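A.B. asks: Take a look at the following structure, please.
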Amino acid sequence: MMLKIAVQKSGRLYENSLQLLKECGIEINNGNRQLKAVAFNFPMEVYFLRDDDIPQYVFDGVADVGFVGENVVYEKNKDIEVVNKLSFGRCRLSIAVPKNMNYKSVADLQNLKIATSYTTLLQNFLDANKVNAEIHEISGSVEIAPGIGLADAICDLVSSGSTLFTNGLKEVEVVLKSEAVLVANKNLSTENKDLLANLLMRIDAVKTAKNNKYILLNAPNSQLKNIASVLPGMKSPTIVPLAESGWSSVQSVVNESDFWEIIEKLKSFGAEGILVVPIEKMIL
Ligand code: PRT
Ligand code: ZN
């Protein structure tokens with residue numbers, strides 16, 4: 001039994017997809033860029049495809065699962081399952097207009113001609129906002145359409161916004177926020193469901209580890225109660241006496257999001273020699 005996974009063959013998702021598999025302990029040799037590769041140490045076969053084709057291949061069962069952007073998943077609208085968000089490939093599908101246009105609300109799009117490669121998502125957005133506009137489908141270089149008189153506005157992916165800026169456009173509506181996701185066929189065999197569960201457990205361990213840091217510090221024993229109160233740890237902090245009497249070493253795990261706030265409090269309670277270490281895997 002093999003779990004067949006579809007990965008973008010080149011482009012913005014390629015590196016991160018292979019990196020994630022690697023961090024999950026799954027090694028693939030794609031040195032000479034074949035279309036298909038077998039993992040050394042996990043029953044997995046990797047298919048390298050154009051991202052646009054991945055939803056269809058997963059729907060047909062040619063691939064069991066795949067890494068692809070939500071923008072592609074929802075545009076293609078195949079009956080497949082989104083099983084996990086992957087925290088890379090973040091972008092948004094947005095509507096942009098020439099920067100000198102006096103744009104006040106979505107009603108200003110009425111009767112405009114909008115160029116996009118995302119006709120389904122754009123049509124749904126316009127319908128939801130009761131706007132009538134002409135959708136002009138183009139497959140690439142959407143951002144130049146207003147400049148050459150092909151359209152009045154565009155609907156395209158944006159990340160930093162610099163492409164819009166250099167083309168004299170401004171972002172006015174967000175149609176969809178997107179990141180890379182793991183999609184799966186809805187009729188997997190029992191064996192492949194088990195392999196997918198194993199893969200998901202590994203992905204979660206990698207993601208959780210990235211959101212947490214291991215912290216070690218020295219603290220005066222008189223302050224241990226205060227210090228323990230701000231350190232959650234997996235269960236509770238580990239406290240070990242130091243050779244120097246009256247002092248202890250405290251070890252714990254803290255979340256990235258409240259990291260600096262915790263450091264401030266620890267310092268105010270007299271913590272010294274604070275070390276912060278990345279975590280490779282974290283299984284809760
Ligand atoms: O050959 P293939 O069809 O597989 O690749 P592709 O050219 O269709 O896709 P690719 O590699 O460009 O993008 C793959 C996926 O990456 C997309 O489907 C998104 O899910 C995600 N992603 C994240 C992006 C961006 N950020 C992004 N900025 N995809 C495209 N862009 C483009 C955008 O279209 C525009 O041209 O980058 C430009 C805007 O970037 P900024 O930084 O100037 O705003
Ligand atoms: Zn594509």
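We label chains A, B, ... in the order they appear in the structure tokens, count residues from 1 in each chain, and number ligands from 1 in the order shown.
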When the cut-off is 10 Å and you count only C-alpha atoms and all ligand atoms, which residues lie near ligand 2, shown as a PyMOL selection string?
C.D. replies: chain A and resi 8+10-12+49-54+68-69+72+117+139-140
A.B. asks: Write the residues you've just listed into a file as a PDB file, in the first residue's frame, and include N, CA, C and O atoms for each of them.
C.D. replies:
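Result file is part-v5.pdb:
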```pdb
ATOM      1  N   GLN A   8       3.043  20.363  -6.063  1.00  0.00           N
ATOM      2  CA  GLN A   8       3.303  21.233  -7.222  1.00  0.00           C
ATOM      3  C   GLN A   8       4.713  20.952  -7.763  1.00  0.00           C
ATOM      4  O   GLN A   8       5.675  20.877  -6.999  1.00  0.00           O
ATOM      5  N   SER A  10       6.745  22.733  -9.799  1.00  0.00           N
ATOM      6  CA  SER A  10       7.657  23.855  -9.584  1.00  0.00           C
ATOM      7  C   SER A  10       6.770  25.049  -9.304  1.00  0.00           C
ATOM      8  O   SER A  10       5.604  25.057  -9.697  1.00  0.00           O
ATOM      9  N   GLY A  11       7.323  26.040  -8.618  1.00  0.00           N
ATOM     10  CA  GLY A  11       6.502  27.198  -8.280  1.00  0.00           C
ATOM     11  C   GLY A  11       6.561  27.478  -6.795  1.00  0.00           C
ATOM     12  O   GLY A  11       7.413  26.946  -6.088  1.00  0.00           O
ATOM     13  N   ARG A  12       5.635  28.306  -6.355  1.00  0.00           N
ATOM     14  CA  ARG A  12       5.707  28.827  -4.995  1.00  0.00           C
ATOM     15  C   ARG A  12       5.472  27.808  -3.899  1.00  0.00           C
ATOM     16  O   ARG A  12       5.823  28.053  -2.747  1.00  0.00           O
ATOM     17  N   LEU A  49       2.978  17.790 -10.102  1.00  0.00           N
ATOM     18  CA  LEU A  49       1.954  18.232 -11.055  1.00  0.00           C
ATOM     19  C   LEU A  49       1.820  19.752 -11.054  1.00  0.00           C
ATOM     20  O   LEU A  49       2.279  20.420 -10.127  1.00  0.00           O
ATOM     21  N   ARG A  50       1.130  20.290 -12.052  1.00  0.00           N
ATOM     22  CA  ARG A  50       0.767  21.709 -12.009  1.00  0.00           C
ATOM     23  C   ARG A  50      -0.279  21.890 -10.916  1.00  0.00           C
ATOM     24  O   ARG A  50      -1.177  21.060 -10.768  1.00  0.00           O
ATOM     25  N   ASP A  51      -0.191  22.960 -10.172  1.00  0.00           N
ATOM     26  CA  ASP A  51      -1.115  23.124  -9.039  1.00  0.00           C
ATOM     27  C   ASP A  51      -2.585  23.099  -9.476  1.00  0.00           C
ATOM     28  O   ASP A  51      -3.424  22.528  -8.794  1.00  0.00           O
ATOM     29  N   ASP A  52      -2.855  23.665 -10.653  1.00  0.00           N
ATOM     30  CA  ASP A  52      -4.247  23.738 -11.133  1.00  0.00           C
ATOM     31  C   ASP A  52      -4.871  22.351 -11.338  1.00  0.00           C
ATOM     32  O   ASP A  52      -6.083  22.199 -11.321  1.00  0.00           O
ATOM     33  N   ASP A  53      -4.018  21.350 -11.586  1.00  0.00           N
ATOM     34  CA  ASP A  53      -4.519  20.004 -11.877  1.00  0.00           C
ATOM     35  C   ASP A  53      -4.722  19.160 -10.616  1.00  0.00           C
ATOM     36  O   ASP A  53      -5.336  18.101 -10.668  1.00  0.00           O
ATOM     37  N   ILE A  54      -4.180  19.629  -9.494  1.00  0.00           N
ATOM     38  CA  ILE A  54      -4.187  18.788  -8.289  1.00  0.00           C
ATOM     39  C   ILE A  54      -5.601  18.445  -7.786  1.00  0.00           C
ATOM     40  O   ILE A  54      -5.885  17.280  -7.519  1.00  0.00           O
ATOM     41  N   VAL A  68      -2.010  21.935  -1.923  1.00  0.00           N
ATOM     42  CA  VAL A  68      -2.423  22.937  -2.915  1.00  0.00           C
ATOM     43  C   VAL A  68      -3.018  24.152  -2.213  1.00  0.00           C
ATOM     44  O   VAL A  68      -3.460  24.052  -1.067  1.00  0.00           O
ATOM     45  N   GLY A  69      -3.006  25.303  -2.886  1.00  0.00           N
ATOM     46  CA  GLY A  69      -3.569  26.522  -2.295  1.00  0.00           C
ATOM     47  C   GLY A  69      -5.093  26.464  -2.226  1.00  0.00           C
ATOM     48  O   GLY A  69      -5.741  25.932  -3.120  1.00  0.00           O
ATOM     49  N   VAL A  72      -6.960  27.635  -5.290  1.00  0.00           N
ATOM     50  CA  VAL A  72      -7.159  26.663  -6.372  1.00  0.00           C
ATOM     51  C   VAL A  72      -8.273  25.673  -6.000  1.00  0.00           C
ATOM     52  O   VAL A  72      -9.141  25.359  -6.809  1.00  0.00           O
ATOM     53  N   SER A 117      -8.183  35.179 -13.529  1.00  0.00           N
ATOM     54  CA  SER A 117      -8.108  33.751 -13.833  1.00  0.00           C
ATOM     55  C   SER A 117      -9.037  32.994 -12.885  1.00  0.00           C
ATOM     56  O   SER A 117      -9.144  31.779 -12.958  1.00  0.00           O
ATOM     57  N   SER A 139      -5.384  34.107 -18.472  1.00  0.00           N
ATOM     58  CA  SER A 139      -4.686  33.079 -17.694  1.00  0.00           C
ATOM     59  C   SER A 139      -3.402  33.582 -17.030  1.00  0.00           C
ATOM     60  O   SER A 139      -2.940  32.992 -16.070  1.00  0.00           O
ATOM     61  N   GLY A 140      -2.838  34.679 -17.494  1.00  0.00           N
ATOM     62  CA  GLY A 140      -1.623  35.166 -16.831  1.00  0.00           C
ATOM     63  C   GLY A 140      -1.469  36.658 -16.996  1.00  0.00           C
ATOM     64  O   GLY A 140      -2.214  37.283 -17.753  1.00  0.00           O
TER      65      GLY A 140
END
```
A.B. asks: Hey, what's within 12 Å of Gly161 (chain A) if we count only C-alpha atoms and toss same-chain stuff fewer than 6 positions away? As a list in words, please?
C.D. replies: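 Listing them by chain and then by number gives Cys91, Arg92, Leu93, Ser94, Ile95, Ala96, Glu143, Asn167, Gly168, Leu169, Lys170, Glu171 and Val172 of chain A.
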A.B. asks: Which one is closest to ligand 1: A:Phe59, A:Phe42, A:Tyr103, A:Phe88? Count only C-alpha atoms and all ligand atoms.
C.D. replies: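 Counting only C-alpha atoms and all ligand atoms, the residue closest to ligand 1 is A:Phe88.
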A.B. asks: Please identify the strand (DSSP E or B) residues within region 111-215 of chain A (assignment by DSSP from backbone atoms) and present them as a ChimeraX atom specification.
C.D. replies: /A:113-116,134-137,153-158,169-178,180-184,212-215
A.B. asks: Save the residues we just selected, N, CA and C atoms, as a tab-separated table (two decimals), in the first residue's frame?
C.D. replies:
```tsv
chain	number	residue	atom	x	y	z
A	113	LYS	N	-15.63	45.98	-16.27
A	113	LYS	CA	-15.06	44.78	-16.86
A	113	LYS	C	-13.88	44.36	-15.99
A	114	ILE	N	-13.94	43.16	-15.41
A	114	ILE	CA	-12.90	42.71	-14.47
A	114	ILE	C	-12.14	41.52	-15.05
A	115	ALA	N	-10.82	41.67	-15.15
A	115	ALA	CA	-9.99	40.58	-15.68
A	115	ALA	C	-9.53	39.67	-14.55
A	116	THR	N	-9.58	38.35	-14.75
A	116	THR	CA	-9.16	37.40	-13.70
A	116	THR	C	-8.92	36.02	-14.28
A	134	GLU	N	-18.82	42.48	-15.82
A	134	GLU	CA	-18.41	41.57	-16.88
A	134	GLU	C	-17.08	40.93	-16.48
A	135	ILE	N	-17.03	39.60	-16.47
A	135	ILE	CA	-15.78	38.92	-16.11
A	135	ILE	C	-15.04	38.55	-17.38
A	136	HIS	N	-13.79	39.01	-17.46
A	136	HIS	CA	-12.97	38.72	-18.62
A	136	HIS	C	-11.88	37.74	-18.19
A	137	GLU	N	-11.94	36.50	-18.67
A	137	GLU	CA	-11.00	35.48	-18.21
A	137	GLU	C	-9.66	35.58	-18.94
A	153	ALA	N	-10.77	46.68	-14.05
A	153	ALA	CA	-10.31	46.23	-12.73
A	153	ALA	C	-9.78	44.81	-12.89
A	154	ILE	N	-9.12	44.32	-11.85
A	154	ILE	CA	-8.64	42.93	-11.89
A	154	ILE	C	-9.01	42.21	-10.59
A	155	CYS	N	-8.98	40.89	-10.65
A	155	CYS	CA	-9.14	40.07	-9.45
A	155	CYS	C	-8.01	39.06	-9.50
A	156	ASP	N	-7.02	39.19	-8.59
A	156	ASP	CA	-5.84	38.34	-8.66
A	156	ASP	C	-5.26	38.11	-7.27
A	157	LEU	N	-4.28	37.19	-7.20
A	157	LEU	CA	-3.64	36.91	-5.92
A	157	LEU	C	-2.67	38.04	-5.56
A	158	VAL	N	-2.64	38.34	-4.27
A	158	VAL	CA	-1.77	39.38	-3.76
A	158	VAL	C	-1.05	38.83	-2.53
A	169	LEU	N	-2.10	50.06	-9.41
A	169	LEU	CA	-3.40	49.57	-8.96
A	169	LEU	C	-3.49	49.62	-7.44
A	170	LYS	N	-4.73	49.65	-6.91
A	170	LYS	CA	-4.91	49.57	-5.46
A	170	LYS	C	-5.91	48.48	-5.14
A	171	GLU	N	-5.65	47.78	-4.02
A	171	GLU	CA	-6.51	46.67	-3.59
A	171	GLU	C	-7.75	47.25	-2.93
A	172	VAL	N	-8.93	46.82	-3.37
A	172	VAL	CA	-10.15	47.39	-2.78
A	172	VAL	C	-11.07	46.37	-2.11
A	173	GLU	N	-11.01	45.11	-2.52
A	173	GLU	CA	-11.86	44.09	-1.89
A	173	GLU	C	-11.07	42.80	-1.77
A	174	VAL	N	-11.21	42.10	-0.63
A	174	VAL	CA	-10.61	40.77	-0.49
A	174	VAL	C	-11.71	39.73	-0.74
A	175	VAL	N	-11.51	38.91	-1.76
A	175	VAL	CA	-12.49	37.89	-2.13
A	175	VAL	C	-12.27	36.62	-1.30
A	176	LEU	N	-10.99	36.28	-1.06
A	176	LEU	CA	-10.68	35.05	-0.32
A	176	LEU	C	-9.30	35.16	0.30
A	177	LYS	N	-9.17	34.74	1.57
A	177	LYS	CA	-7.84	34.60	2.18
A	177	LYS	C	-7.41	33.16	1.99
A	178	SER	N	-6.16	32.95	1.61
A	178	SER	CA	-5.75	31.60	1.23
A	178	SER	C	-4.42	31.19	1.83
A	180	ALA	N	-1.78	27.30	1.82
A	180	ALA	CA	-1.69	25.93	1.31
A	180	ALA	C	-2.43	24.99	2.27
A	181	VAL	N	-3.09	23.99	1.71
A	181	VAL	CA	-3.82	23.02	2.53
A	181	VAL	C	-3.51	21.60	2.03
A	182	LEU	N	-3.82	20.64	2.89
A	182	LEU	CA	-3.75	19.23	2.49
A	182	LEU	C	-5.16	18.81	2.11
A	183	VAL	N	-5.32	18.36	0.87
A	183	VAL	CA	-6.64	17.89	0.43
A	183	VAL	C	-6.60	16.37	0.27
A	184	ALA	N	-7.77	15.74	0.38
A	184	ALA	CA	-7.82	14.28	0.26
A	184	ALA	C	-9.04	13.84	-0.52
A	212	ASN	N	5.90	26.82	19.26
A	212	ASN	CA	6.33	26.79	20.65
A	212	ASN	C	7.85	26.84	20.77
A	213	LYS	N	8.31	27.32	21.91
A	213	LYS	CA	9.75	27.38	22.18
A	213	LYS	C	10.02	26.73	23.52
A	214	TYR	N	11.20	26.10	23.63
A	214	TYR	CA	11.63	25.54	24.90
A	214	TYR	C	12.41	26.62	25.63
A	215	ILE	N	12.10	26.84	26.89
A	215	ILE	CA	12.75	27.92	27.62
A	215	ILE	C	13.41	27.38	28.89
```
A.B. asks: List the spatial neighbours of Leu112 (chain A) as a list in words - criterion: any atom at most 6 Å away, only C-alpha atoms, same-chain residues fewer than 2 positions off excluded.
C.D. replies: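 Listed by chain and then number, they are Leu109, Gln110, Ala133 and Asp152 of chain A.
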A.B. asks: How about saving the chosen residues, C-alpha atoms kept, as a CSV table (one decimal), in the first residue's frame?
C.D. replies:
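Listing of out-v1.csv after writing:
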```
chain,number,residue,atom,x,y,z
A,109,LEU,CA,-17.8,47.6,-9.5
A,110,GLN,CA,-21.3,47.6,-11.2
A,133,ALA,CA,-20.0,43.1,-13.8
A,152,ASP,CA,-11.4,48.3,-15.7
```
A.B. asks: Residues within 10 Å of Asn77 (chain A), please, as an MDAnalysis selection string. Count only C-alpha atoms; anything in the same chain fewer than 5 positions from it doesn't count.
C.D. replies: chainID A and resid 55:56 71:72 120:121
A.B. asks: Write the residues of the selection above to a file with all heavy atoms, as a PDB file, in the first residue's frame.
C.D. replies:
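And here's out_28.pdb as it stands now:
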```pdb
ATOM      1  N   PRO A  55      -6.543  19.423  -7.712  1.00  0.00           N
ATOM      2  CA  PRO A  55      -7.885  19.041  -7.245  1.00  0.00           C
ATOM      3  C   PRO A  55      -8.531  17.936  -8.101  1.00  0.00           C
ATOM      4  O   PRO A  55      -9.118  16.987  -7.562  1.00  0.00           O
ATOM      5  CB  PRO A  55      -8.683  20.349  -7.337  1.00  0.00           C
ATOM      6  CG  PRO A  55      -7.648  21.407  -7.175  1.00  0.00           C
ATOM      7  CD  PRO A  55      -6.430  20.881  -7.890  1.00  0.00           C
ATOM      8  N   GLN A  56      -8.379  18.043  -9.411  1.00  0.00           N
ATOM      9  CA  GLN A  56      -8.956  17.033 -10.312  1.00  0.00           C
ATOM     10  C   GLN A  56      -8.314  15.655 -10.086  1.00  0.00           C
ATOM     11  O   GLN A  56      -9.010  14.647  -9.975  1.00  0.00           O
ATOM     12  CB  GLN A  56      -8.743  17.466 -11.772  1.00  0.00           C
ATOM     13  CG  GLN A  56      -9.324  16.507 -12.797  1.00  0.00           C
ATOM     14  CD  GLN A  56     -10.848  16.583 -12.876  1.00  0.00           C
ATOM     15  OE1 GLN A  56     -11.407  17.681 -12.960  1.00  0.00           O
ATOM     16  NE2 GLN A  56     -11.516  15.445 -12.812  1.00  0.00           N
ATOM     17  N   ASN A  71      -7.050  28.835  -2.753  1.00  0.00           N
ATOM     18  CA  ASN A  71      -7.564  29.559  -3.919  1.00  0.00           C
ATOM     19  C   ASN A  71      -7.853  28.598  -5.077  1.00  0.00           C
ATOM     20  O   ASN A  71      -8.886  28.698  -5.733  1.00  0.00           O
ATOM     21  CB  ASN A  71      -6.583  30.661  -4.348  1.00  0.00           C
ATOM     22  CG  ASN A  71      -5.159  30.156  -4.523  1.00  0.00           C
ATOM     23  OD1 ASN A  71      -4.606  29.511  -3.640  1.00  0.00           O
ATOM     24  ND2 ASN A  71      -4.568  30.417  -5.669  1.00  0.00           N
ATOM     25  N   VAL A  72      -6.960  27.635  -5.290  1.00  0.00           N
ATOM     26  CA  VAL A  72      -7.159  26.663  -6.372  1.00  0.00           C
ATOM     27  C   VAL A  72      -8.273  25.673  -6.000  1.00  0.00           C
ATOM     28  O   VAL A  72      -9.141  25.359  -6.809  1.00  0.00           O
ATOM     29  CB  VAL A  72      -5.832  25.924  -6.699  1.00  0.00           C
ATOM     30  CG1 VAL A  72      -6.063  24.821  -7.723  1.00  0.00           C
ATOM     31  CG2 VAL A  72      -4.789  26.916  -7.205  1.00  0.00           C
ATOM     32  N   THR A 120     -14.761  31.606 -11.160  1.00  0.00           N
ATOM     33  CA  THR A 120     -15.777  31.053 -10.264  1.00  0.00           C
ATOM     34  C   THR A 120     -15.832  31.848  -8.962  1.00  0.00           C
ATOM     35  O   THR A 120     -16.898  32.283  -8.518  1.00  0.00           O
ATOM     36  CB  THR A 120     -15.468  29.576  -9.942  1.00  0.00           C
ATOM     37  OG1 THR A 120     -15.344  28.872 -11.169  1.00  0.00           O
ATOM     38  CG2 THR A 120     -16.548  28.950  -9.086  1.00  0.00           C
ATOM     39  N   LEU A 121     -14.661  32.042  -8.344  1.00  0.00           N
ATOM     40  CA  LEU A 121     -14.625  32.761  -7.071  1.00  0.00           C
ATOM     41  C   LEU A 121     -15.087  34.203  -7.241  1.00  0.00           C
ATOM     42  O   LEU A 121     -15.808  34.729  -6.392  1.00  0.00           O
ATOM     43  CB  LEU A 121     -13.211  32.713  -6.478  1.00  0.00           C
ATOM     44  CG  LEU A 121     -12.813  31.336  -5.924  1.00  0.00           C
ATOM     45  CD1 LEU A 121     -11.326  31.305  -5.570  1.00  0.00           C
ATOM     46  CD2 LEU A 121     -13.643  30.995  -4.693  1.00  0.00           C
TER      47      LEU A 121
END
```
A.B. asks: Need the shell around Asn226 (chain A): protein/DNA/RNA residues with any atom at most 12 Å away, counting only C-alpha atoms. Skip same-chain ones fewer than 5 positions apart. Format as a ChimeraX atom specification?
C.D. replies: /A:219-221,231-232,237,250,262,265-271
A.B. asks: So which residues touch region 18-22 of chain A within 10 Å, counting only C-alpha atoms, skipping near sequence neighbours fewer than 5 positions away, as a VMD selection string?
C.D. replies: chain A and resid 7 to 8 13 27 to 28 30 39 46 67 86 88 199 202 to 203 206 to 207
